[in-house]
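Engineer: One structure coming up, written as structure tokens, with questions to follow.
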Amino acid sequence: MSATFLRMALLVSLGLCALGILWRVSTWFRVRIGPDARTIPLHRRLSAAVGGAFAALFSRRTPGILKAFVLDVLLQRRLFADSKVRWLGHLFILAGFLLLLVMHGLAKLVTLKVFPAYQATLDPFLFLRNLFGAVTVLGVMMVMGARRHRPASSPIVRRPGDRIFTALLALVLVSGFLLEAQKVASPRAFYRMTKEYLDTTDPEETLPLRTVWAAEYGVAFPDLQGTPDPDKLAEGRELHNDACASCHTRPTSAFVSYPISRAMAPVVETLDEADAERWLNYLHVFACFLGLILLPFTRFFHALADPVSLLANGAASTGPLSPAARATRRALATDACVGCSLCDDRCSVAPIARHLGNPALLPSHKLLATRDLALHPHSLDRVDAHARRVAEGAWLCTTCGRCTERCPVGLDLADMWDAGKGDLAHAGHPAPAQWVQERTALEWADSLGASPGALDVLRDAASPLSAHRETYSACVQCQTCTNVCPVVAHGGEEPGAIDLTPQKVMNLLRLGMVDLALGSRMVWNCATCYQCQEHCPEGIRVTDVMLELRGMAYRSLGQSRERRQPE
Amino acid sequence: MTQTQTEPKVWDVAVVGAGMAGMATALFAAEQGLSVLQIGNGGGLLFASGLLDLLAVHPIASRRLWGSPFDALAAIRRDQPDHPLARVDDATMRAAYESFTSALGAAGLAYAPLDDRNHLVLTSLGTAKPTYGVPRTMAAGVAAMAERVPCLLLDFRGLREFSARQIVATVGDTWPGLRSARIEFPGAEASSELYAAHLARALESHETRDKTIALVKPLLGDARAVGFPAVLGLGCSGVVHAAFQAALGVPVFEIPTMPTSVPGLRLMDALEHAVVARGVHRLLRGNVTSAAFDDTAVLSLGGVPGGETVSARAVVLATGRFTGRGLVAGQQRITEPVLGLPVQQPASRETWHSRDFLDPAGHEVNRAGLRTDSVFRPFDATGRPAWPGLFAVGSILAGQDWMREKCGAGIALGTARVAVDQIVRQLGAR
């Protein structure tokens with residue numbers, strides 16, 4: 001492989017990677033998440049970011065930024081607080097990969113400058129490269145192990161490039177170790193060196209040196225199996241010390257590659273004939289290049305976005321962010337999300353997600369859905385099952401804030417959900433309590449009556465209260481529920497806020513007119529304070545019935561609403 | 001808040017029911033220093049009017065009205081020795097009313113001082129109802145009606161259960177100075193329908209009160225008393241009532257409205273407050289599903305998460321009549337569903353009711369109920385007390401017609417007091 005070609009390929013990959021990063025970074029200023037972000041022009045967001053960065057750098061907040069860099073970016077203290085295994089695994093990957101990149105990948109640029117005597121085949125570098133590689137592999141295994149036992153209801157979010165990138169990373173590591181092992185065992189590599197340094201490739205002439213390298217350096221010469229000849233060994237050592245020792249440590253310190261080379265020894269000649277070293281080299285290098293190009297389009301882009309996000313957190317002043325800064329931070333957050341799913345594990349509504357079989361309720365999934373809607377504002381124009389699942393995810397969130405609290409990269413997810421809800425409402429998917437007001441209770445009842453089967457959901461096992469007349473048969477219509485209802489008490493201030501009073505809802509149920517109750521304002525404006533239920537002289541579970549009606553209405557009216565959509 | 005028992009405990013008294021009789025029992029027992037568990041919610045109290053009858057009519061066939069409830073008690077002891085009230089002596093009855101009303105007073109629901117007389121209270125139907133204990137907010141109405149002073153009755157547009165004009169139309173013939181007027185309730189001008197409890201809560205704010213007073217003042221004229229529907233405050237009716245009286249410069253009184261009413265809510269809140277303040281442990285959602293009696297009573301509860309049993313040395317059944325489901329009317333027979341006690345009742349369904357709905361003698365079914373000994377221990381099938389520590393109090397008892405006799409609270413408070421006194425004696429003797 002010619003050096004020029006390699007350099008060209010490297011430059012092209014670097015260029016593409018830079019373009020990719022630029023494009024991704026540009027989305028931080030272009031993507032508009034949340035209704036408040038819609039009116040802010042690009043230049044305001046840019047100037048807010050640049051201005052904010054400068055203001056932070058030349059202010060008393062510099063120590064805060066420094067602290068954020070050390071504690072949050074380098075030491076990952078938020079992850080440490082959450083999961084020690086993941087923290088250690090992540091640290092291993094981060095440290096192993098970075099050190100490999102600097103010492104091995106950028107050997108000419110960095111290592112040689114610092115250690116002029118650097119040789120990849122000399123200790124400690126030989127040992128360190130194996131160590132860094134091994135640490136990276138161990139880190140990957142730890143992180144994957146920590147994520148392995150996930151319930152099916154809570155899958156890990158993935159972007160399209162994620163698996164390819166992971167495969168490339170594995171390819172780089174594996175090919176690196178194989179390449180080193182092949183070089184250790186390969187007679188061909190040996191002759192290449194003797195040609196260069198001793199100007200000979202004659203097996204007989206190099207026999208003493210070969211004896212040393214077969215016995216102590218792991219080269220698999222087919223004719224030198226078994227116990228070495230002591231005379232030849234002594235003779236070879238002399239030559240070795242003169243010609244080779246200054247650049248070669250015994251490969252046993254390559255504690256990963258050396259055992260592999262032992263395993264490869266029996267077939268090493270075949271591999272040599274197949275030019276394995278060259279192909280492994282190509283594989284190793286081009287996997288690196290391809291990874292470089294793909295990096296900005298996978299979740300591993302978080303390696304760049306996270307430090308920016310964490311530093312921005314460290315730099316932020318105590319007051320609330322400006323709308324322009326907030327809009328940028330939201331877009332940045334969609335890139336900074338690692339997809340680690342720690343938020344999903346702590347989500348308050350995770351049990352509901354499990355019950356509904358709808359992972360869209362989980363934060364890490366919601367984050368991507370929010371971003372998707374911001375990128376494609378018309379993607380949810382149709383009211384269908386997909387849109388319902390996404391909306392369900394947004395509106396069932398209790399805004400408890402546990403995801404924000406737990407995010408290892410400190411994303412303000414609570415703000416993101418607020419913004420996402422605004423976008424959903426704008427896209428025609430407001431909260432159920434909102435869309436139910438699109439029609440009156442009577443109109444809803446008509447639409448239910450017009451669509452056969454819509455009322456079936458009212459009769460299933462999930463509505464144990466409403467389905468049984470015993471629940472409300474004791475009602476004497478005494479109005480106590482209405483009398484104590486704070487929603488009715490305040491409903492007078494707004495015309496149409498209350499269409500039926502609680503005791504009228506109970507009466508409809510008594511009369512078997514559930515369909516009329518479902519879309520009523522009373523059912524949907526109920527504050528579930530339980531005053532009615534606690535006061536009911538007949539012990540009727542008024543509030544429980546209201547809640548159940550709401551659940552039934554969400555399903556049945558939601559179906560009716562979906563059906564109404566034009567194809 | 002309901003709380004569940006964690007450690008096994010034997011209560012001195014388990015009260016089943018939280019109506020007037022159940023509350024009185026819990027209150028009296030706690031005042032005697034007994035540990036009390038009360039099972040059931042107090043919703044039934046909402047049907048109360050806030051007036052505490054003792055005994056006003058006897059015999060019901062002749063509808064004889066008694067000026068003094070204690071004279072009436074003496075008469076009933078003579079005429080109907082099986083009547084529950086015949087087993088409550090005057091001193092016990094007075095003690096019951098004193099401690100009951102003072103507990104209510106301490107909980108913010110003051111009553112006019114008790115004398116030995118029945119009082120006539122003007123109702124929202126325009127009728128005069130004889131009663132014994134009158135809430136202080138209604139007391140001025142008793143005097144105003146007795147003396148027929150010039151009086152202004154007010155109502156609010158949208159409050160459907162109360163019409164001042166209808167009252168004047170009914171009693172105006174005998175009360176020439178009685179006028180009516182209708183005003184808008186401040187802040188509810190847009191509402192077509194008003195609910196009494198909402199108005200009562202709204203009037204607890206200065207602002208609404210001042211606006212209402214400003215609307216009433218120009219209408220006063222020669223009125224020497226002003227009557228309102230019973231909506232003058234909920235938790236602090238005393239304060240609201242006093243504020244109206246001070247601002248208007250004439251006696252102000254409330255007229256009880258149809259159940260369920262604000263005075264009923266006040267009574268329920270005040271009683272709940274009073275029993276909890278005295279350390280009564282309440283299980284609001286529980287209901288007794290079965291019971292076993294041995295050295296102590298063991299009650300199994302339904303409606304409590306996880307289900308559980310409670311033990312007590314004495315059990316007081318205060319589950320009421322048909323609306324409280326203390327008695328259940330089947331096709332042929334009336335039964336007592338909680339403990340399955342025998343119910344004294346007419347021989348057959350045909351004799352439950354008189355042919356005449358308004359028969360002055362009432363209906364046989366209304367006198368059905370539990371038979372007990374003289375301290376209200378209900379009988380089993382053999383005619384003996386079912387268990388020494390089991391009592392039944394209040395309207396579930398046989399031999400009375402509290403609605404026609406105007407003695408609902410009298411039976412509740414009197415029988416509760418007798419039972420608690422007996423429990424104290426029995427537990428002391430152990």
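We label chains A, B, ... in the order they appear in the structure tokens, count residues from 1 in each chain, and number ligands from 1 in the order shown.
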What lies within 12 Å of Ala347 in chain B using only C-alpha atoms, ignoring chain neighbours under 3 positions off, as a list in words?

Structural biologist: Gln332, Arg333, Ile334, Val343, Gln344, Glu350, Thr351, Trp352, His353, Glu364, Val365 and Ala368 of chain B

Engineer: Go ahead and write the residues just picked, C-alpha atoms, as a PDB file, in the first residue's frame.

Structural biologist:
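The resulting file, selection38.pdb, is reproduced below:
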```pdb
ATOM      1  CA  GLN B 332     -90.331 -11.383  52.080  1.00  0.00           C
ATOM      2  CA  ARG B 333     -88.188 -10.699  55.076  1.00  0.00           C
ATOM      3  CA  ILE B 334     -86.106  -7.946  56.559  1.00  0.00           C
ATOM      4  CA  VAL B 343     -85.059  -8.679  63.084  1.00  0.00           C
ATOM      5  CA  GLN B 344     -88.381  -7.995  64.776  1.00  0.00           C
ATOM      6  CA  GLU B 350     -98.563  -7.525  53.238  1.00  0.00           C
ATOM      7  CA  THR B 351     -98.498  -5.808  56.606  1.00  0.00           C
ATOM      8  CA  TRP B 352     -95.281  -3.835  56.089  1.00  0.00           C
ATOM      9  CA  HIS B 353     -97.190  -0.849  54.831  1.00  0.00           C
ATOM     10  CA  GLU B 364     -95.389  -1.269  60.447  1.00  0.00           C
ATOM     11  CA  VAL B 365     -92.133  -1.627  58.502  1.00  0.00           C
ATOM     12  CA  ALA B 368     -89.087  -3.117  62.499  1.00  0.00           C
TER      13      ALA B 368
END
```

Engineer: Show me, as a short mmCIF file (atom, residue, chain, number, x, y, z; two decimals) with C-alpha atoms, in the first residue's frame, every residue of chain B with an atom at most 12 Å from chain A, counting only C-alpha atoms.

Structural biologist:
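Result went into iface_22.cif, see below:
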```
data_model
loop_
_atom_site.label_atom_id
_atom_site.label_comp_id
_atom_site.auth_asym_id
_atom_site.auth_seq_id
_atom_site.Cartn_x
_atom_site.Cartn_y
_atom_site.Cartn_z
CA MET B 1 -56.69 9.11 56.74
CA THR B 2 -57.35 5.48 57.19
CA GLY B 17 -71.14 2.64 61.55
CA ALA B 18 -70.44 6.35 61.42
CA GLY B 19 -73.82 8.00 61.30
CA GLY B 40 -67.32 3.05 58.15
CA ASN B 41 -67.49 6.51 56.61
CA GLY B 42 -69.64 9.33 57.92
CA GLY B 43 -71.40 10.06 54.63
CA GLY B 44 -74.79 9.19 56.08
CA LEU B 45 -74.59 12.25 58.28
CA LEU B 46 -75.01 14.37 55.17
CA PHE B 47 -78.70 13.59 55.28
CA ALA B 48 -78.91 15.23 58.70
CA GLY B 158 -79.70 29.75 40.74
CA LEU B 159 -79.93 28.00 44.09
CA ARG B 160 -82.74 25.70 43.08
CA GLU B 161 -83.37 23.98 46.36
CA PHE B 185 -74.64 35.60 44.40
CA PRO B 186 -71.49 37.71 44.00
CA GLY B 187 -69.08 36.13 41.57
CA ALA B 188 -71.58 33.59 40.23
CA GLU B 189 -73.53 35.90 37.95
CA ALA B 190 -72.74 33.72 34.94
CA SER B 191 -73.83 30.45 36.52
CA SER B 192 -77.28 29.16 35.90
CA GLU B 193 -77.12 26.64 38.70
CA LEU B 194 -75.66 27.16 42.17
CA TYR B 195 -74.79 24.58 44.80
CA ALA B 196 -75.18 25.35 48.48
CA ALA B 197 -71.80 24.05 49.60
CA HIS B 198 -70.00 26.18 47.04
CA LEU B 199 -71.80 29.29 48.26
CA ALA B 200 -70.99 28.37 51.86
CA ARG B 201 -67.32 28.09 51.04
CA ALA B 202 -67.34 31.29 49.00
CA VAL B 231 -75.12 28.62 53.36
CA LEU B 234 -68.91 25.70 56.15
CA MET B 258 -83.33 20.05 51.89
CA PRO B 259 -80.88 17.20 52.50
CA THR B 260 -78.13 16.80 51.62
CA SER B 261 -77.45 20.21 53.03
CA VAL B 262 -74.70 22.47 54.27
CA GLY B 264 -75.32 18.20 57.29
CA LEU B 265 -71.82 18.78 55.90
CA ARG B 266 -70.96 20.91 58.91
CA MET B 268 -70.24 15.54 59.48
CA ASP B 269 -67.04 17.60 59.46
CA GLU B 272 -65.22 13.68 62.36
CA LEU B 284 -63.23 4.82 56.65
CA ARG B 285 -63.28 2.25 53.90
CA GLY B 286 -63.71 -0.88 55.89
CA ASN B 287 -66.90 -2.85 56.22
CA GLY B 303 -62.74 -3.15 51.62
CA PHE B 322 -82.45 0.75 55.15
CA THR B 323 -80.52 3.65 53.59
CA GLY B 324 -77.54 2.94 55.84
CA ARG B 325 -77.89 -0.77 54.97
#
```

Engineer: Work out how far apart CA of Leu154 in chain B and CA of Arg182 in chain B are and give it in Å to one decimal.

Structural biologist: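 Atom-to-atom, CA of Leu154 in chain B and CA of Arg182 in chain B are spaced 5.7 Å apart.
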
Engineer: Give me, as a PyMOL selection string, all polymer residues having an atom no more than 6 Å from range 401-411 of chain B, counting only C-alpha atoms and skipping those fewer than 2 positions away in the same chain.

Structural biologist: chain B and resi 52-57+366-367+394+413-415

Engineer: Applying 7 Å and only C-alpha atoms, which residues near Val418 in chain B remain after dropping the ones on its own chain fewer than 4 positions away? List them as a ChimeraX atom specification.

Structural biologist: /B:88,375,414,422

Engineer: Mind checking which residues fall within 9 Å of Ala215 in chain A, counting only C-alpha atoms, ignoring those fewer than 2 positions away in the same chain, and posting them as a PyMOL selection string?

Structural biologist: chain A and resi 210-213+217-219+224-228+233

Engineer: Could you take the residues named above and write them with C-alpha atoms, as a tab-separated table (two decimals), in the first residue's frame?

Structural biologist:
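The result, stored in again.tsv:
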```
chain	number	residue	atom	x	y	z
A	210	ARG	CA	16.60	-17.57	12.92
A	211	THR	CA	17.36	-19.97	15.75
A	212	VAL	CA	17.23	-17.11	18.24
A	213	TRP	CA	14.02	-15.67	16.76
A	217	TYR	CA	10.81	-14.19	19.47
A	218	GLY	CA	8.09	-16.53	18.34
A	219	VAL	CA	8.74	-16.65	14.59
A	224	LEU	CA	13.13	-24.91	13.42
A	225	GLN	CA	10.59	-26.69	15.54
A	226	GLY	CA	11.79	-28.35	18.73
A	227	THR	CA	14.87	-27.80	20.89
A	228	PRO	CA	17.27	-25.21	19.44
A	233	LEU	CA	21.80	-19.98	19.50
```

Engineer: With DSSP run on the backbone, what are the alpha helix (DSSP H) residues within range 155-218 of chain B? I'd like them as a PyMOL selection string.

Structural biologist: chain B and resi 164-171+196-202+206-216
